[in-house]
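Asks: My questions will all concern the structure given below.
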Amino acid sequence: MKHCRVCGIPADVEGVELDEEGVCRACRSQLPHLPDPGELRERVIEELESHDRVAVAVSGGLDSLAALVLAARHCREVTMVTVDTGAIHPEAWRRLHLARRRLDVEWRVVGDVDTFLELFERRLPRNQSPCGPCSKMIERRCERAARELGVDALVTGHELPHGTDPVVPKDPPVIRAMCGLPERERRELVREELGLSPRKLAGYTSNCVVLPFALKRFHEEHGYSFEAPRLAAMVRMGYLSKREMWERLEPPGEEELRGLLEECRGWIPRRLERLLRETLSSASGPESGE
Ligand SMILES: [Zn+2]
């Protein structure tokens, strides 16, 4: 299998073309303009310190917990905001409860689970990734909650896909707190301050139960992971190693998915449980053989 020499993205991912030096188009165009990670981190801290009251969007996954820790260190008043998509793993909920106790902050849970379930029910049977629209929906709900709370900024566990400024000019401004912070250091922050080590479920998630199933179905149809471009961008910016990315590009196995369903039984909505079970049985249908 051929990979981009720089970011390691496999050449069979749709839209990826390697030039004669084995470099993909995204690396070719972005490398000359990559921001310095050290400067990005300083900017994040400066921004956190200049906003007194913030809301932090937290899902119980690694990145948002790390963002929460940073906000708690640098802002005077922090409120956690969680959007309940129905798909949050029970372990992630437990981490949220622990984080809230440990940091002694306010917590608001918002969500219209059915809207999210409808999205999953539309996308999964068609082998489509629900992640794009789902993230947008979560983002809108967090922004609305931040306005209602009247905070000075919304802090998220995102990094920078493009550009050089960790602050997105919105009302209120959004601070992407993971800018410049490699995954290894995110883990350290969460372990140090919260005593937690979020377990990776599959792909790039430690909280969403739907993603592993979506990855499996998509991989069966297309032969690659829909997360590849995002993960390759993280390698390009130094957040992940190529090896860490390649591990995450492997689709989860059936056993793993079955185990995941078992862990969530009785916790996620029945309707979602049914959908995931159906997804699993159609994904493990007759194998076409090698
Ligand atoms: Zn590349």
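By order in the structure tokens, chains are A, B, ...; within a chain, residues start at 1; ligands start at 1, following the order shown.
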Using only C-alpha atoms and all ligand atoms, find each protein or nucleic acid residue lying at most 9 Å from ligand 1; present the set as an MDAnalysis selection string.
Replies: chainID A and resid 3:10 16 18 22:28 232:233 235:236
Asks: Give me, as a list of chain:residue names, the residues of segment 109-260 of chain A that a backbone DSSP run labels strand (DSSP E).
Replies: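 Result set for segment 109-260 of chain A (strand (DSSP E)): A:Val109, A:Val110, A:Ala153, A:Leu154, A:Val155, A:Thr156, A:Val167, A:Val168, A:Val174, A:Ile175, A:Arg176.
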Asks: Segment 122-180 of chain A near segment 76-99 of chain A within 8 Å: what's each residue's closest atom pair and its distance in Å to one decimal, counting only C-alpha atoms, ordered by chain then ascending residue number, as CSV?
Replies:
```
residue,atom,partner,partner_atom,distance
A:Ile138,CA,A:Val83,CA,6.2
A:Arg141,CA,A:Val83,CA,7.1
A:Cys142,CA,A:Val81,CA,6.7
A:Ala145,CA,A:Val81,CA,7.4
```
Asks: Could those selected residues go to a file with N, CA, C and O atoms, as a compact mmCIF listing (two decimals), in the first residue's frame?
Replies:
```
# COMPACT_ATOMS: atom_id res chain seq x y z
N ILE A 138 -24.16 19.43 17.08
CA ILE A 138 -23.63 19.61 18.44
C ILE A 138 -23.11 21.03 18.61
O ILE A 138 -23.39 21.71 19.61
N ARG A 141 -25.86 23.58 19.06
CA ARG A 141 -26.48 23.51 20.40
C ARG A 141 -25.57 24.08 21.48
O ARG A 141 -26.04 24.72 22.42
N CYS A 142 -24.28 23.84 21.34
CA CYS A 142 -23.33 24.40 22.32
C CYS A 142 -23.29 25.92 22.21
O CYS A 142 -23.24 26.63 23.22
N ALA A 145 -26.35 27.31 23.83
CA ALA A 145 -26.26 27.22 25.30
C ALA A 145 -25.31 28.31 25.83
O ALA A 145 -25.59 28.93 26.87
```
Asks: List the spatial neighbours of Val167 of chain A as an NGL selection string - criterion: any atom at most 10 Å away, only C-alpha atoms, same-chain residues fewer than 2 positions off excluded.
Replies: :A and (43-44 or 47 or 153-155 or 160 or 164-165 or 169-170 or 173-177 or 179)
Asks: Could the residues in this selection be written to a file with all heavy atoms, as a short mmCIF file (atom, residue, chain, number, x, y, z; two decimals), in the first residue's frame?
Replies:
```
data_model
loop_
_atom_site.label_atom_id
_atom_site.label_comp_id
_atom_site.auth_asym_id
_atom_site.auth_seq_id
_atom_site.Cartn_x
_atom_site.Cartn_y
_atom_site.Cartn_z
N ARG A 43 -1.11 31.25 22.31
CA ARG A 43 -2.32 31.99 21.96
C ARG A 43 -3.54 31.44 22.71
O ARG A 43 -4.36 32.20 23.21
CB ARG A 43 -2.60 31.87 20.45
CG ARG A 43 -1.99 32.94 19.61
CD ARG A 43 -2.74 34.26 19.75
NE ARG A 43 -4.02 34.29 19.03
CZ ARG A 43 -5.04 35.04 19.37
NH1 ARG A 43 -4.98 35.80 20.43
NH2 ARG A 43 -6.16 35.05 18.65
N VAL A 44 -3.64 30.12 22.80
CA VAL A 44 -4.77 29.51 23.50
C VAL A 44 -4.80 29.96 24.95
O VAL A 44 -5.84 30.39 25.46
CB VAL A 44 -4.72 27.96 23.41
CG1 VAL A 44 -5.72 27.32 24.36
CG2 VAL A 44 -4.99 27.49 21.99
N GLU A 47 -5.79 33.56 25.31
CA GLU A 47 -7.23 33.74 25.07
C GLU A 47 -8.04 33.27 26.28
O GLU A 47 -8.99 33.92 26.68
CB GLU A 47 -7.67 32.98 23.82
CG GLU A 47 -7.32 33.66 22.53
CD GLU A 47 -7.96 35.04 22.40
OE1 GLU A 47 -9.12 35.21 22.86
OE2 GLU A 47 -7.31 35.95 21.85
N ALA A 153 -16.98 33.34 26.37
CA ALA A 153 -16.44 32.52 25.28
C ALA A 153 -16.90 31.08 25.44
O ALA A 153 -17.24 30.65 26.54
CB ALA A 153 -14.91 32.57 25.28
N LEU A 154 -16.89 30.37 24.30
CA LEU A 154 -17.16 28.93 24.32
C LEU A 154 -15.83 28.24 24.02
O LEU A 154 -15.15 28.59 23.05
CB LEU A 154 -18.19 28.58 23.24
CG LEU A 154 -18.44 27.09 22.98
CD1 LEU A 154 -19.07 26.42 24.20
CD2 LEU A 154 -19.35 26.91 21.76
N VAL A 155 -15.46 27.29 24.86
CA VAL A 155 -14.19 26.57 24.69
C VAL A 155 -14.50 25.17 24.17
O VAL A 155 -15.40 24.51 24.68
CB VAL A 155 -13.43 26.48 26.03
CG1 VAL A 155 -12.13 25.70 25.88
CG2 VAL A 155 -13.16 27.87 26.59
N LEU A 160 -7.07 23.09 15.03
CA LEU A 160 -7.29 23.98 13.91
C LEU A 160 -7.26 23.21 12.61
O LEU A 160 -6.24 22.63 12.26
CB LEU A 160 -6.13 24.97 13.93
CG LEU A 160 -6.34 26.37 13.48
CD1 LEU A 160 -7.47 27.03 14.23
CD2 LEU A 160 -5.05 27.13 13.71
N THR A 164 -4.59 30.09 11.17
CA THR A 164 -3.57 30.13 12.21
C THR A 164 -4.10 30.64 13.53
O THR A 164 -3.35 30.77 14.48
CB THR A 164 -2.42 31.07 11.78
OG1 THR A 164 -2.99 32.33 11.45
CG2 THR A 164 -1.67 30.51 10.60
N ASP A 165 -5.41 30.95 13.60
CA ASP A 165 -5.91 31.53 14.85
C ASP A 165 -6.83 30.56 15.57
O ASP A 165 -7.83 30.12 15.01
CB ASP A 165 -6.66 32.83 14.55
CG ASP A 165 -6.80 33.67 15.81
OD1 ASP A 165 -6.61 33.11 16.92
OD2 ASP A 165 -7.10 34.86 15.70
N PRO A 169 -14.21 33.75 15.31
CA PRO A 169 -15.02 34.91 15.66
C PRO A 169 -16.50 34.63 15.53
O PRO A 169 -17.05 34.64 14.45
CB PRO A 169 -14.57 35.97 14.63
CG PRO A 169 -14.02 35.20 13.49
CD PRO A 169 -13.56 33.88 14.00
N LYS A 170 -17.13 34.31 16.65
CA LYS A 170 -18.57 34.07 16.67
C LYS A 170 -19.13 34.81 17.87
O LYS A 170 -18.38 35.45 18.59
CB LYS A 170 -18.85 32.57 16.82
CG LYS A 170 -18.53 31.77 15.58
CD LYS A 170 -19.13 30.39 15.69
CE LYS A 170 -18.97 29.64 14.36
NZ LYS A 170 -19.49 28.30 14.41
N PRO A 173 -17.23 34.30 21.07
CA PRO A 173 -16.11 33.70 20.34
C PRO A 173 -15.85 32.26 20.80
O PRO A 173 -16.11 31.92 21.95
CB PRO A 173 -14.91 34.58 20.71
CG PRO A 173 -15.35 35.42 21.86
CD PRO A 173 -16.83 35.50 21.82
N VAL A 174 -15.38 31.42 19.86
CA VAL A 174 -15.09 30.03 20.18
C VAL A 174 -13.58 29.83 20.25
O VAL A 174 -12.87 30.17 19.31
CB VAL A 174 -15.70 29.08 19.10
CG1 VAL A 174 -15.33 27.63 19.40
CG2 VAL A 174 -17.21 29.24 19.04
N ILE A 175 -13.11 29.32 21.39
CA ILE A 175 -11.67 29.07 21.55
C ILE A 175 -11.41 27.59 21.34
O ILE A 175 -11.93 26.75 22.07
CB ILE A 175 -11.18 29.49 22.96
CG1 ILE A 175 -11.54 30.95 23.22
CG2 ILE A 175 -9.68 29.24 23.10
CD1 ILE A 175 -11.24 31.41 24.65
N ARG A 176 -10.63 27.27 20.30
CA ARG A 176 -10.31 25.87 20.01
C ARG A 176 -9.09 25.49 20.83
O ARG A 176 -7.95 25.71 20.42
CB ARG A 176 -10.08 25.69 18.52
CG ARG A 176 -11.28 26.12 17.70
CD ARG A 176 -11.15 25.75 16.25
NE ARG A 176 -12.42 25.21 15.76
CZ ARG A 176 -12.52 24.19 14.91
NH1 ARG A 176 -11.45 23.61 14.45
NH2 ARG A 176 -13.71 23.77 14.53
N ALA A 177 -9.35 24.91 22.01
CA ALA A 177 -8.30 24.80 23.02
C ALA A 177 -7.25 23.73 22.75
O ALA A 177 -6.22 23.70 23.40
CB ALA A 177 -8.94 24.55 24.39
N CYS A 179 -5.52 23.43 20.03
CA CYS A 179 -4.54 23.90 19.05
C CYS A 179 -3.13 23.77 19.61
O CYS A 179 -2.84 24.24 20.71
CB CYS A 179 -4.80 25.36 18.69
SG CYS A 179 -6.26 25.56 17.69
#
```
Asks: Please identify all polymer residues within 10 Å of Glu185 of chain A, counting only C-alpha atoms, omitting same-chain residues fewer than 6 positions from it, and present them as a ChimeraX atom specification.
Replies: /A:66,178,191,239
Asks: Tell me which of A:Arg243, A:Arg230, A:Arg144, A:Arg199 sits closest to Pro161 of chain A, counting only C-alpha atoms.
Replies: A:Arg230
Asks: Show me, as a list in words, the residues that have an atom within 10 Å of Leu70 of chain A when counting only C-alpha atoms, minus same-chain residues fewer than 2 positions from it.
Replies: Val44, Ile45, Leu48, Val56, Ser64, Leu65, Ala66, Ala67, Leu68, Ala72, Arg73, His74, Cys75, Val155, Gly157, Ala177, Met178, Arg186, Leu189, Val190 and Glu193 of chain A
Asks: Ranking A:Gly203, A:Gly195, A:Gly61, A:Gly38 by minimum distance to Pro251 of chain A and counting only C-alpha atoms, which one comes first?
Replies: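 Going through A:Gly203, A:Gly195, A:Gly61, A:Gly38 one by one, the smallest distance to Pro251 of chain A is for A:Gly203.
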Asks: Looking at only C-alpha atoms, which of A:Trp246, A:Trp267, A:Phe116, A:Phe226 is the one that sits closest to Ser129 of chain A?
Replies: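 Smallest distance to Ser129 of chain A is found for A:Phe226.
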Asks: Counting only C-alpha atoms, what is within 9 Å of Leu231 of chain A, bar same-chain residues fewer than 6 positions away, as a list in words?
Replies: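 Residues meeting the cut-off are Cys7, Ile9, Tyr204, Leu240, Met245, Arg248 and Leu249 of chain A.
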Asks: Rounded to one decimal, what separation in Å do you get between atom CA of Asp171 of chain A and atom CA of Asp36 of chain A?
Replies: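 Taking atom CA of Asp171 of chain A as the start and atom CA of Asp36 of chain A as the end point, the length is 26.8 Å.
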Asks: What does the structure give for the distance between atom CA of Arg108 of chain A and atom CA of Pro133 of chain A, in Å to one decimal?
Replies: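 These atoms are spaced 22.2 Å apart.
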Asks: Would you work out the distance separating atom CA of Thr115 of chain A from atom CA of Met137 of chain A, expressed in Å to one decimal?
Replies: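 Straight-line distance from atom CA of Thr115 of chain A to atom CA of Met137 of chain A works out to 9.2 Å.
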Asks: Could you please write out, as a PyMOL selection string, every residue of segment 39-205 of chain A that DSSP assigns to alpha helix (DSSP H)?
Replies: chain A and resi 39-49+62-74+90-103+113-123+131-149+183-194
